[in-house]
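*Asks:* Please find protein_30.txt (compact mmCIF, C-alpha atoms and all ligand atoms) on the next line:
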```txt
# COMPACT_ATOMS: atom_id res chain seq x y z
CA MET B 4 95.77 99.20 108.10
CA ASP B 5 97.79 102.13 109.42
CA ARG B 6 99.08 104.87 107.20
CA GLU B 7 102.54 103.44 106.79
CA GLU B 8 101.22 100.02 105.87
CA GLN B 9 98.85 101.62 103.45
CA ARG B 10 101.66 103.59 101.85
CA ASP B 11 103.83 100.49 101.48
CA ARG B 12 100.99 98.56 99.95
CA PHE B 13 100.27 101.41 97.57
CA LEU B 14 103.92 101.62 96.52
CA SER B 15 104.20 97.88 96.05
CA LEU B 16 101.29 98.04 93.61
CA LEU B 17 102.53 101.21 91.94
CA ARG B 18 106.19 100.33 91.34
CA PRO B 19 105.65 97.51 88.87
CA ILE B 20 103.54 99.78 86.64
CA GLU B 21 105.50 103.04 86.91
CA ARG B 22 107.22 102.52 83.60
CA ASP B 23 103.96 101.78 81.77
CA LEU B 24 102.31 104.82 83.33
CA GLU B 25 105.20 107.04 82.32
CA ASN B 26 105.24 105.75 78.73
CA TYR B 27 101.50 106.16 78.52
CA SER B 28 101.61 109.70 79.84
CA ARG B 29 104.47 110.69 77.57
CA ARG B 30 102.61 109.49 74.50
CA MET B 31 99.24 110.85 75.56
CA VAL B 32 99.95 114.43 76.59
CA PHE B 33 99.60 117.01 73.86
CA ASP B 34 102.35 119.15 75.36
CA ARG B 35 105.40 117.33 76.73
CA ARG B 36 105.67 119.75 79.63
CA ASP B 37 102.42 118.29 81.01
CA CYS B 38 103.72 114.73 81.27
CA GLU B 39 105.30 114.84 84.72
CA ASP B 40 102.58 117.01 86.23
CA ALA B 41 99.89 114.65 85.04
CA LEU B 42 101.76 111.68 86.52
CA GLN B 43 102.39 113.40 89.81
CA ASN B 44 98.81 114.62 90.17
CA ALA B 45 97.50 111.17 89.31
CA VAL B 46 99.70 109.38 91.86
CA LEU B 47 98.84 111.82 94.64
CA ARG B 48 95.16 111.66 93.81
CA ALA B 49 95.26 107.86 93.73
CA PHE B 50 97.07 107.69 97.07
CA ARG B 51 94.54 110.01 98.70
CA ALA B 52 91.73 107.82 97.39
CA PHE B 53 93.51 104.54 98.11
CA ASP B 54 91.17 103.58 100.96
CA ARG B 55 88.39 103.59 98.39
CA TYR B 56 90.29 101.26 96.07
CA HIS B 57 88.81 97.77 96.24
CA ASP B 58 91.09 94.79 96.50
CA ASP B 59 89.26 92.88 93.84
CA ALA B 60 89.56 95.54 91.14
CA SER B 61 92.64 95.80 88.94
CA PHE B 62 95.01 98.39 90.38
CA ARG B 63 96.48 98.87 86.93
CA ALA B 64 93.09 99.77 85.41
CA TRP B 65 92.26 102.01 88.37
CA MET B 66 95.55 103.89 88.02
CA PHE B 67 95.18 104.28 84.26
CA LYS B 68 91.73 105.73 84.77
CA ILE B 69 92.98 108.38 87.21
CA LEU B 70 95.96 109.21 85.01
CA THR B 71 93.79 109.49 81.88
CA ASN B 72 91.54 112.00 83.62
CA GLU B 73 94.59 114.09 84.54
CA ILE B 74 95.95 113.94 80.99
CA PHE B 75 92.63 114.87 79.41
CA ALA B 76 92.38 117.81 81.80
CA ALA B 77 95.90 118.97 80.83
CA ASN B 78 95.15 118.54 77.13
CA ARG B 79 91.88 120.44 77.48
CA LYS B 80 93.83 123.38 78.89
CA ARG B 81 95.82 123.33 75.67
CA GLY B 82 92.69 123.27 73.57
CA ARG B 83 92.60 119.55 72.84
CA ILE B 84 89.38 117.71 73.48
CA ALA B 85 88.97 113.96 73.23
CA GLU B 86 85.71 112.97 71.61
CA PHE B 87 84.62 109.40 71.38
CA GLU B 88 82.45 109.89 68.36
CA ILE B 89 83.18 106.58 66.64
CA ALA B 90 80.96 103.94 68.11
CA ILE B 91 79.89 100.60 66.78
CA GLU B 92 76.65 98.78 67.42
CA PRO B 93 76.74 95.29 68.95
CA GLU B 94 75.74 93.73 65.61
CA GLU B 95 78.76 95.33 63.94
CA ILE B 96 81.25 93.94 66.43
CA GLU B 97 82.32 91.04 64.24
CA GLU B 98 82.96 93.35 61.35
CA PHE B 99 85.20 95.58 63.43
CA ALA B 100 87.01 92.75 65.14
CA GLY B 101 88.13 91.10 61.91
CA LEU B 102 90.72 92.02 59.36
CA ASP B 103 89.95 94.19 56.39
CA PHE B 104 91.30 92.01 53.59
CA THR B 105 89.81 94.15 50.88
CA ALA B 106 92.27 96.97 51.63
CA ASP B 107 94.52 97.05 48.59
CA ALA B 108 97.79 97.00 50.38
CA PRO B 109 100.78 97.15 48.06
CA ILE B 110 102.91 95.20 50.51
CA SER B 111 102.09 92.14 52.57
CA TRP B 112 100.90 92.28 56.18
CA GLU B 113 104.03 90.51 57.19
CA THR B 114 106.32 93.41 56.34
CA LEU B 115 104.47 95.81 58.66
CA SER B 116 106.04 94.03 61.60
CA ASP B 117 109.38 95.58 60.70
CA ALA B 118 108.03 99.11 60.68
CA LEU B 119 110.65 101.60 61.81
CA ASP B 120 110.29 103.71 64.94
CA GLU B 121 109.99 106.85 62.82
CA GLU B 122 107.21 105.29 60.75
CA LEU B 123 105.34 104.29 63.88
CA LEU B 124 105.81 107.73 65.41
CA VAL B 125 104.33 109.43 62.36
CA ALA B 126 101.50 106.90 62.32
CA LEU B 127 100.76 107.55 65.99
CA GLN B 128 100.46 111.24 65.26
CA SER B 129 97.72 110.50 62.75
CA LEU B 130 95.42 109.36 65.58
CA ASN B 131 93.06 111.66 67.42
CA ASP B 132 93.08 111.75 71.23
CA SER B 133 90.33 109.21 71.72
CA GLU B 134 91.81 106.69 69.28
CA ARG B 135 95.20 107.15 70.84
CA ALA B 136 93.89 106.74 74.39
CA VAL B 137 92.19 103.46 73.54
CA LEU B 138 95.16 102.10 71.60
CA LEU B 139 97.66 103.01 74.33
CA MET B 140 95.48 101.61 77.10
CA ARG B 141 95.40 98.33 75.23
CA ALA B 142 99.03 98.24 74.03
CA ILE B 143 100.79 99.77 77.05
CA GLY B 144 98.24 99.27 79.80
CA GLU B 145 97.19 95.82 78.57
CA LEU B 146 93.71 96.61 79.81
CA ARG B 147 90.69 94.57 78.80
CA TYR B 148 88.07 96.21 76.58
CA ARG B 149 85.71 96.33 79.54
CA GLU B 150 88.33 98.03 81.72
CA ILE B 151 89.04 100.60 79.01
CA SER B 152 85.34 101.31 78.69
CA GLU B 153 85.12 101.83 82.47
CA CYS B 154 88.25 104.00 82.50
CA LEU B 155 86.95 106.32 79.82
CA GLY B 156 83.29 106.14 80.77
CA VAL B 157 82.31 105.24 77.21
CA PRO B 158 80.36 102.21 75.93
CA LEU B 159 82.17 99.01 74.92
CA GLY B 160 81.18 99.57 71.30
CA SER B 161 82.96 102.89 71.37
CA VAL B 162 86.13 101.27 72.69
CA MET B 163 86.09 98.69 69.92
CA GLY B 164 85.28 101.27 67.26
CA ASN B 165 88.12 103.55 68.31
CA LEU B 166 90.56 100.68 68.70
CA SER B 167 89.73 99.29 65.29
CA ARG B 168 89.99 102.73 63.69
CA ALA B 169 93.29 103.41 65.50
CA ARG B 170 94.89 100.20 64.24
CA GLN B 171 93.63 100.77 60.72
CA LYS B 172 94.98 104.34 60.73
CA MET B 173 98.36 103.14 62.00
CA ARG B 174 98.58 100.67 59.12
CA ASP B 175 97.43 103.20 56.56
CA ALA B 176 99.92 105.77 57.79
CA ILE B 177 102.81 103.32 57.57
CA LEU B 178 101.78 102.24 54.09
CA ARG B 179 101.41 105.88 52.97
CA ALA B 180 104.86 106.73 54.31
CA ARG B 181 106.34 103.78 52.44
CA ARG B 182 104.59 104.63 49.23
CA ARG B 183 105.97 108.16 49.49
CA SER B 184 109.48 106.91 50.08
CA CYS B 185 109.18 104.63 47.03
CA LEU B 186 108.37 107.51 44.69
CA MET L 28 81.99 71.41 64.08
CA LEU L 29 84.96 73.36 62.77
CA MET L 30 84.75 77.09 62.08
CA LYS L 31 85.20 78.28 58.52
CA CYS L 32 88.01 80.65 57.45
CA GLY L 33 85.69 83.63 57.07
CA GLU L 34 84.24 83.12 60.54
CA VAL L 35 87.62 82.66 62.19
CA ARG L 36 89.03 85.80 60.60
CA LYS L 37 86.24 87.85 62.09
CA PHE L 38 87.57 87.00 65.51
CA VAL L 39 91.24 87.78 64.96
CA ARG L 40 91.27 90.99 67.05
CA LEU L 41 89.14 89.60 69.85
CA TYR L 42 91.34 86.52 69.91
CA LEU L 43 94.64 88.42 70.01
CA ASP L 44 93.29 90.84 72.62
CA SER L 45 92.23 87.83 74.76
CA GLU L 46 88.61 88.92 74.65
CA LEU L 47 87.15 85.57 73.57
CA ASP L 48 85.89 83.08 76.11
CA ALA L 49 87.68 79.75 76.52
CA LYS L 50 85.30 77.91 74.18
CA GLN L 51 85.59 80.43 71.37
CA SER L 52 89.37 80.62 71.75
CA PHE L 53 89.57 76.87 71.57
CA GLU L 54 87.53 76.83 68.36
CA VAL L 55 89.74 79.48 66.80
CA GLU L 56 92.87 77.56 67.82
CA GLN L 57 91.51 74.35 66.39
CA HIS L 58 91.02 76.05 63.07
CA LEU L 59 94.46 77.66 63.14
CA GLU L 60 96.09 74.31 63.75
CA SER L 61 94.62 72.94 60.56
CA CYS L 62 94.66 76.03 58.33
CA ALA L 63 98.06 77.44 57.39
CA GLU L 64 96.61 80.44 55.61
CA CYS L 65 94.60 81.72 58.58
CA ALA L 66 97.47 80.83 60.93
CA GLY L 67 99.76 82.97 58.76
CA LEU L 68 97.39 85.91 58.86
CA PHE L 69 96.96 85.68 62.62
CA GLN L 70 100.71 85.43 63.01
CA ALA L 71 101.28 88.53 60.87
CA GLU L 72 98.71 90.48 62.85
CA LYS L 73 100.25 89.33 66.09
CA LYS L 74 103.73 90.31 64.95
CA PHE L 75 102.55 93.79 64.12
CA ASP L 76 100.93 93.99 67.57
CA GLU L 77 104.20 92.98 69.16
CA ARG L 78 106.14 95.48 67.11
CA LEU L 79 103.72 98.24 68.06
CA GLY L 80 103.80 97.18 71.70
CA ARG L 81 107.61 97.24 71.79
CA PHE L 82 107.63 100.69 70.24
CA LEU L 83 104.99 102.13 72.56
CA ARG L 84 106.46 100.67 75.74
CA HIS L 85 110.02 101.46 74.79
CA GLY L 86 110.74 104.51 76.97
CA GLN L 87 112.86 104.07 80.08
CA LEU L 88 111.71 104.93 83.56
CA THR L 89 112.86 108.35 84.80
CA ARG L 90 114.08 107.20 88.21
CA PRO L 91 114.73 110.56 89.91
CA PHE L 92 111.25 111.68 88.97
CA TRP L 93 109.61 108.61 90.53
CA LYS L 94 111.79 108.90 93.63
CA LYS L 95 110.46 112.43 93.98
CA ILE L 96 106.85 111.31 93.61
CA GLU L 97 107.33 108.47 96.06
CA ALA L 98 108.86 110.89 98.55
CA LEU L 99 105.77 113.07 98.32
CA ILE L 100 103.58 110.33 99.72
CA ALA L 101 106.09 109.28 102.38
CA PRO L 102 105.06 110.09 105.93
CA ARG L 103 106.91 113.07 107.39
CA PRO L 104 109.89 112.20 109.56
CA PHE L 105 109.20 112.65 113.26
CA ALA L 106 112.19 114.93 113.86
CA LYS L 107 111.84 118.62 114.67
CA VAL L 108 110.36 117.91 118.10
CA LYS L 109 112.94 118.46 120.83
CA ILE L 110 112.81 115.82 123.51
CA LEU L 111 115.22 114.82 126.28
CA TRP L 112 117.52 112.02 125.26
CA PRO L 113 116.27 109.30 127.67
CA LEU L 114 112.80 109.95 126.33
CA ALA L 115 114.16 109.91 122.80
CA LEU L 116 115.84 106.59 123.46
CA ALA L 117 112.66 105.12 124.94
CA ALA L 118 110.67 106.47 122.00
CA SER L 119 113.08 105.00 119.48
CA LEU L 120 112.84 101.59 121.18
CA VAL L 121 109.07 101.75 120.97
CA ILE L 122 109.31 102.75 117.33
CA ALA L 123 111.75 99.93 116.63
CA ALA L 124 109.40 97.41 118.26
CA GLY L 125 106.52 98.85 116.27
CA THR L 126 108.47 98.52 113.04
CA VAL L 127 109.06 94.84 113.68
CA LEU L 128 105.35 94.24 114.22
CA VAL L 129 104.39 96.21 111.14
CA ALA L 130 107.03 94.45 109.06
CA ARG L 131 105.60 91.11 110.11
CA SER L 132 102.06 91.94 109.06
CA ARG L 133 102.97 93.68 105.82
CA PRO L 134 102.40 91.53 102.72
CA LEU L 135 105.44 90.32 100.82
CA ASP L 136 106.07 92.06 97.47
CA LEU L 137 105.40 88.86 95.52
CA ALA L 138 102.18 88.25 97.49
CA ASN L 139 101.01 91.72 96.51
CA ALA L 140 101.96 91.24 92.89
CA VAL L 141 100.13 87.94 92.43
CA GLU L 142 97.04 89.09 94.30
CA GLU L 143 95.64 90.90 91.28
CA CYS L 144 96.20 87.84 89.12
CA HIS L 145 94.37 85.59 91.55
CA SER L 146 91.60 88.08 92.08
CA ALA L 147 90.98 88.18 88.32
CA TYR L 148 90.64 84.39 88.40
CA VAL L 149 88.23 84.48 91.36
CA HIS L 150 86.07 86.98 89.50
CA GLN L 151 86.24 84.93 86.30
CA ILE L 152 88.02 87.66 84.38
CA THR L 153 90.90 85.22 83.85
CA THR L 154 90.03 81.80 82.46
CA PRO L 155 92.20 78.82 81.50
CA GLU L 156 93.64 78.85 77.99
CA PHE L 157 94.62 75.21 77.74
CA SER L 158 95.04 71.99 79.64
CA GLY L 159 97.70 69.39 79.00
CA ALA L 160 100.79 70.23 76.97
CA VAL L 161 101.64 73.89 76.36
CA PRO L 162 100.55 74.87 72.82
CA THR L 163 103.48 75.99 70.64
CA LYS L 164 101.80 79.34 70.04
CA ILE L 165 101.90 80.10 73.73
CA ALA L 166 105.45 78.82 74.20
CA GLN L 167 106.49 81.27 71.47
CA GLN L 168 105.43 84.11 73.74
CA PHE L 169 107.88 83.18 76.52
CA GLY L 170 110.59 85.40 75.08
CA GLY L 171 113.21 83.06 76.56
CA ARG L 172 112.09 83.94 80.10
CA LEU L 173 109.92 80.93 80.89
CA ASP L 174 109.88 77.23 80.03
CA THR L 175 107.10 74.74 79.46
CA ALA L 176 108.23 72.74 82.52
CA ALA L 177 106.83 75.57 84.67
CA PHE L 178 103.35 74.43 83.64
CA ASP L 179 103.87 70.86 84.87
CA TYR L 180 103.70 71.37 88.64
CA ARG L 181 100.64 70.15 90.53
CA PRO L 182 100.09 69.36 94.23
CA SER L 183 99.65 65.61 94.54
CA GLU L 184 97.19 66.26 97.36
CA PRO L 185 93.85 64.82 96.12
CA GLY L 186 92.04 67.92 97.44
CA PHE L 187 93.44 69.99 94.57
CA THR L 188 91.83 69.91 91.14
CA SER L 189 92.99 71.95 88.16
CA SER L 190 90.81 73.27 85.36
CA GLY L 191 93.70 74.34 83.10
CA ALA L 192 96.46 76.88 82.74
CA ARG L 193 97.49 80.01 80.92
CA LEU L 194 100.42 82.32 80.43
CA CYS L 195 100.21 85.46 82.52
CA HIS L 196 102.42 88.36 83.59
CA VAL L 197 103.06 89.38 87.17
CA GLY L 198 104.93 92.64 87.61
CA GLY L 199 106.28 92.20 84.09
CA VAL L 200 107.49 88.64 84.74
CA PRO L 201 106.04 85.89 82.52
CA VAL L 202 104.54 83.18 84.72
CA ALA L 203 102.70 79.91 84.36
CA LEU L 204 99.28 80.37 85.95
CA ILE L 205 97.63 77.08 86.89
CA LEU L 206 94.01 77.59 87.83
CA GLY L 207 92.60 75.18 90.36
CA HIS L 208 90.23 74.58 93.19
CA CYS L 209 90.67 73.32 96.71
CA ALA L 210 87.53 72.55 98.74
CA GLU L 211 85.52 74.43 96.11
CA THR L 212 87.61 77.56 96.63
CA PRO L 213 89.61 78.97 93.69
CA VAL L 214 93.35 78.49 94.22
CA SER L 215 96.03 79.77 91.83
CA LEU L 216 99.40 78.14 91.36
CA ILE L 217 101.93 80.57 89.93
CA VAL L 218 105.27 79.33 88.65
CA PHE L 219 108.18 81.27 87.22
CA ARG L 220 111.94 81.07 86.89
CA LYS L 221 114.11 81.54 89.95
CA SER L 222 116.21 84.00 87.94
CA GLU L 223 113.21 86.38 87.80
CA LEU L 224 113.08 86.65 91.57
CA ASP L 225 115.12 89.87 91.46
CA HIS L 226 111.84 91.57 90.66
CA PHE L 227 110.60 90.66 94.14
CA PRO L 228 113.52 91.44 96.46
CA GLN L 229 111.61 90.90 99.74
CA THR L 230 110.53 87.42 98.76
CA LYS L 231 113.98 86.66 97.38
CA ARG L 232 115.58 87.61 100.70
CA LYS L 233 113.11 85.52 102.62
CA LEU L 234 113.49 82.38 100.51
CA GLU L 235 117.26 82.71 100.27
CA SER L 236 117.61 83.17 104.01
CA GLY L 237 116.68 79.51 104.36
CA ASP L 238 112.93 79.66 104.98
CA PRO L 239 111.68 76.64 103.03
CA ILE L 240 108.30 78.32 102.60
CA ALA L 241 107.62 82.05 102.60
CA CYS L 242 104.12 82.94 103.73
CA SER L 243 102.20 86.16 103.63
CA ARG L 244 98.75 87.57 103.28
CA SER L 245 97.61 90.12 100.76
CA GLY L 246 94.10 91.48 100.79
CA ARG L 247 91.82 88.59 101.58
CA TYR L 248 94.12 85.88 100.22
CA GLN L 249 96.74 83.76 101.89
CA PHE L 250 99.98 83.24 100.04
CA ALA L 251 102.84 80.75 100.26
CA ALA L 252 105.91 80.32 98.06
CA ARG L 253 108.86 77.96 97.78
CA PHE L 254 111.71 77.01 95.50
CA ILE L 255 111.48 73.78 93.56
CA ASP L 256 114.21 72.86 91.04
CA ASP L 257 115.01 76.16 89.32
CA HIS L 258 111.51 77.54 89.73
CA VAL L 259 109.61 79.58 92.28
CA VAL L 260 106.16 78.18 92.92
CA CYS L 261 103.56 80.17 94.79
CA ILE L 262 100.07 79.35 95.77
CA VAL L 263 97.34 81.86 96.50
CA GLY L 264 93.80 81.49 97.74
CA ASP L 265 91.25 82.15 100.39
CA ARG L 266 92.24 79.00 102.33
CA PRO L 267 93.97 78.66 105.71
CA ARG L 268 97.71 79.06 105.49
CA PRO L 269 98.56 75.48 106.65
CA VAL L 270 96.36 74.10 103.86
CA LEU L 271 98.30 76.08 101.27
CA GLU L 272 101.60 75.01 102.82
CA ASP L 273 100.53 71.38 102.60
CA LEU L 274 99.66 71.80 98.95
CA LEU L 275 103.10 73.29 98.31
CA LYS L 276 104.85 70.48 100.17
CA THR L 277 103.22 67.82 97.98
CA LEU L 278 104.19 69.49 94.72
CA ARG L 279 105.14 67.09 91.92
CA ARG L 280 106.04 67.55 88.32
CA ALA L 281 103.81 65.64 85.93
CA ASP L 282 105.84 63.53 83.51
CA GLY L 283 105.81 64.79 79.96
ZN ZN M 301 91.32 79.21 57.55
```
How would this structure read if it were set down as structure tokens?
*Replies:*
Amino acid sequence: MDREEQRDRFLSLLRPIERDLENYSRRMVFDRRDCEDALQNAVLRAFRAFDRYHDDASFRAWMFKILTNEIFAANRKRGRIAEFEIAIEPEEIEEFAGLDFTADAPISWETLSDALDEELLVALQSLNDSERAVLLMRAIGELRYREISECLGVPLGSVMGNLSRARQKMRDAILRARRRSCL
Amino acid sequence: MLMKCGEVRKFVRLYLDSELDAKQSFEVEQHLESCAECAGLFQAEKKFDERLGRFLRHGQLTRPFWKKIEALIAPRPFAKVKILWPLALAASLVIAAGTVLVARSRPLDLANAVEECHSAYVHQITTPEFSGAVPTKIAQQFGGRLDTAAFDYRPSEPGFTSSGARLCHVGGVPVALILGHCAETPVSLIVFRKSELDHFPQTKRKLESGDPIACSRSGRYQFAARFIDDHVVCIVGDRPRPVLEDLLKTLRRADG
């Protein structure tokens, strides 16, 4: 494949996911000014390494991995460090994958689906960097657990633990906000 | 043996995140069909997922920014070098001829886009979700951009066998993915609405210019696509191109 062919192939894989990458970056960077730099560095880095990208791997997962590294590096410069401290053991998987019905939620699950943008934004801010990374990779990147674990270089149990915690925190934050507004 | 409510609820996240294998998914679905309470809980959880997804993916693309990035990886123009005009003319002819050759061997945009999908099937990352009629739960995810008829196409060629189908997304377009085999090689049939073809302008041009079948190659897979009724059907696999074309030519829609 000559360089021009390679470039066209790279762009044809990149274009369909540009929007997802941009949304991911925007929501992941600690400082908004880092968003475009992280994206640009990630794309250039990916293009330089494109001959090492294997056809049978997911380009989406590969790109998210490179971008995540850039974002974490930018966040580190601003004093933010992602730590994947919440991990679950294989025997706990079922517990984390289910719903927590004991939570005494004052409103039904159903009503959370009409959460307002502002409520969701506040809830998102309640997550730490590792929870946010895992949640966004799943919700924006639509990556599989295994892909997320490869992207972040953390065990599968850690991915599930962070994802479960992230979703729970999102719910709790929305419920808290609503309780406050009811007072 | 049916699963109990407690058991099923333990799998809600894995199920919604498509992390269960086909057998487990099937068991969960069987339970949901017969248990309104669990079905309601799964539905509520799914709705919240969708709400969150819409919120997180909401931002628009900043076009000028991406144009700038794309320009950074573009090869430098060959200007700047002063050459005599006859030489320049000769050079431009050579370049033009080269461009034609390159254009011929470059994979079509749609071929590129479906390659990842097929590759996931080959490596057993993607498995069938159902066979037979499209379950209502899946049809509800179409968002008005796909129809159940898309799942009905099969090559009538006896060499093709299908192990089931699933809903999938290719470049953001919802598609029917029919997973099959031909001479023991995995072959994917991908069907979507003609109206979505704007997402793949190269392929659109090619099919609308009168080519009954558009062929290409992406990575190690051959690719062929055609219009049928108001759908685009493509077929991808590590099989010789004429074999794929034959499969496409014998396409029929199963009744019901
Ligand atoms: Zn039940």
*Asks:* Please check which protein, DNA or RNA residues sit within 6 Å of ligand ZN 301 (chain M), counting all atoms listed in the file, and write them as a VMD selection string.
*Replies:* chain L and resid 32 62 64 to 65
*Asks:* Show me, as a list in words, the residues that have an atom within 8 Å of Glu46 in chain L when counting all atoms listed in the file, minus same-chain residues fewer than 5 positions from it.
*Replies:*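 Near neighbours after the sequence-gap exclusion: Arg147 and Tyr148 of chain B; Leu41 of chain L.
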*Asks:* Taking all atoms listed in the file into account, name the residue in B:Asp37, B:Arg149, B:Leu130, B:Lys68 that is nearest to chain L.
*Replies:*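 Checking each of B:Asp37, B:Arg149, B:Leu130, B:Lys68 against chain L, counting all atoms listed in the file, the winner is B:Arg149.
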*Asks:* Quick one: residues within 9 Å of range 199-209 of chain L, only C-alpha atoms counted, chain neighbours fewer than 6 positions away excluded, as JSON, numbers by chain?
*Replies:* {"B": [19, 20], "L": [144, 145, 148, 154, 155, 168, 169, 170, 172, 173, 174, 175, 177, 178, 180, 181, 186, 187, 188, 189, 190, 191, 192, 193, 215, 216, 217, 218, 219, 220, 223, 226, 264, 266]}
*Asks:* Quick one: which residues from chain L are at most 6 Å off chain B, using only C-alpha atoms, as a list in words?
*Replies:*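 The answer, sorted by residue number, is Arg36, Lys37, Phe38, Val39, Arg40, Ala71, Lys74, Phe75, Arg78, Gly80, Arg84, Gly86, Leu88, Ser146 and Gly198 of chain L.
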*Asks:* Please output range 177-183 of chain L, rebuilt to include all heavy atoms, as a PDB file, keeping the file's coordinate frame.
*Replies:*
```
ATOM      1  N   ALA L 177     107.486  74.793  83.611  1.00  0.00           N
ATOM      2  CA  ALA L 177     106.830  75.570  84.670  1.00  0.00           C
ATOM      3  C   ALA L 177     105.348  75.230  84.766  1.00  0.00           C
ATOM      4  O   ALA L 177     104.732  75.389  85.817  1.00  0.00           O
ATOM      5  CB  ALA L 177     107.007  77.065  84.403  1.00  0.00           C
ATOM      6  N   PHE L 178     104.783  74.723  83.656  1.00  0.00           N
ATOM      7  CA  PHE L 178     103.350  74.430  83.640  1.00  0.00           C
ATOM      8  C   PHE L 178     103.035  73.022  84.164  1.00  0.00           C
ATOM      9  O   PHE L 178     101.891  72.631  84.207  1.00  0.00           O
ATOM     10  CB  PHE L 178     102.800  74.579  82.208  1.00  0.00           C
ATOM     11  CG  PHE L 178     102.742  76.008  81.738  1.00  0.00           C
ATOM     12  CD1 PHE L 178     103.859  76.626  81.201  1.00  0.00           C
ATOM     13  CD2 PHE L 178     101.563  76.740  81.847  1.00  0.00           C
ATOM     14  CE1 PHE L 178     103.814  77.950  80.766  1.00  0.00           C
ATOM     15  CE2 PHE L 178     101.509  78.063  81.414  1.00  0.00           C
ATOM     16  CZ  PHE L 178     102.631  78.668  80.875  1.00  0.00           C
ATOM     17  N   ASP L 179     104.084  72.265  84.517  1.00  0.00           N
ATOM     18  CA  ASP L 179     103.870  70.860  84.870  1.00  0.00           C
ATOM     19  C   ASP L 179     103.604  70.608  86.357  1.00  0.00           C
ATOM     20  O   ASP L 179     103.272  69.506  86.741  1.00  0.00           O
ATOM     21  CB  ASP L 179     105.099  70.029  84.454  1.00  0.00           C
ATOM     22  CG  ASP L 179     105.238  69.955  82.942  1.00  0.00           C
ATOM     23  OD1 ASP L 179     104.226  70.225  82.265  1.00  0.00           O
ATOM     24  OD2 ASP L 179     106.334  69.649  82.459  1.00  0.00           O
ATOM     25  N   TYR L 180     103.819  71.626  87.205  1.00  0.00           N
ATOM     26  CA  TYR L 180     103.700  71.370  88.640  1.00  0.00           C
ATOM     27  C   TYR L 180     102.234  71.275  89.089  1.00  0.00           C
ATOM     28  O   TYR L 180     101.401  72.081  88.668  1.00  0.00           O
ATOM     29  CB  TYR L 180     104.365  72.486  89.449  1.00  0.00           C
ATOM     30  CG  TYR L 180     105.856  72.556  89.249  1.00  0.00           C
ATOM     31  CD1 TYR L 180     106.404  73.486  88.381  1.00  0.00           C
ATOM     32  CD2 TYR L 180     106.698  71.675  89.924  1.00  0.00           C
ATOM     33  CE1 TYR L 180     107.772  73.549  88.180  1.00  0.00           C
ATOM     34  CE2 TYR L 180     108.070  71.734  89.732  1.00  0.00           C
ATOM     35  CZ  TYR L 180     108.601  72.667  88.868  1.00  0.00           C
ATOM     36  OH  TYR L 180     109.943  72.723  88.674  1.00  0.00           O
ATOM     37  N   ARG L 181     101.963  70.279  89.910  1.00  0.00           N
ATOM     38  CA  ARG L 181     100.640  70.150  90.530  1.00  0.00           C
ATOM     39  C   ARG L 181     100.834  69.596  91.946  1.00  0.00           C
ATOM     40  O   ARG L 181     101.696  68.731  92.139  1.00  0.00           O
ATOM     41  CB  ARG L 181      99.732  69.152  89.796  1.00  0.00           C
ATOM     42  CG  ARG L 181      99.395  69.485  88.350  1.00  0.00           C
ATOM     43  CD  ARG L 181      98.391  70.616  88.212  1.00  0.00           C
ATOM     44  NE  ARG L 181      98.065  70.857  86.817  1.00  0.00           N
ATOM     45  CZ  ARG L 181      98.813  71.557  85.969  1.00  0.00           C
ATOM     46  NH1 ARG L 181      99.940  72.097  86.373  1.00  0.00           N
ATOM     47  NH2 ARG L 181      98.439  71.730  84.729  1.00  0.00           N
ATOM     48  N   PRO L 182     100.033  70.017  92.930  1.00  0.00           N
ATOM     49  CA  PRO L 182     100.090  69.360  94.230  1.00  0.00           C
ATOM     50  C   PRO L 182      99.529  67.945  94.081  1.00  0.00           C
ATOM     51  O   PRO L 182      98.536  67.769  93.380  1.00  0.00           O
ATOM     52  CB  PRO L 182      99.142  70.210  95.103  1.00  0.00           C
ATOM     53  CG  PRO L 182      98.903  71.469  94.345  1.00  0.00           C
ATOM     54  CD  PRO L 182      99.083  71.131  92.893  1.00  0.00           C
ATOM     55  N   SER L 183     100.191  66.964  94.693  1.00  0.00           N
ATOM     56  CA  SER L 183      99.650  65.610  94.540  1.00  0.00           C
ATOM     57  C   SER L 183      98.519  65.357  95.536  1.00  0.00           C
ATOM     58  O   SER L 183      97.849  64.334  95.468  1.00  0.00           O
ATOM     59  CB  SER L 183     100.763  64.571  94.667  1.00  0.00           C
ATOM     60  OG  SER L 183     101.580  64.880  95.759  1.00  0.00           O
TER      61      SER L 183
END
```
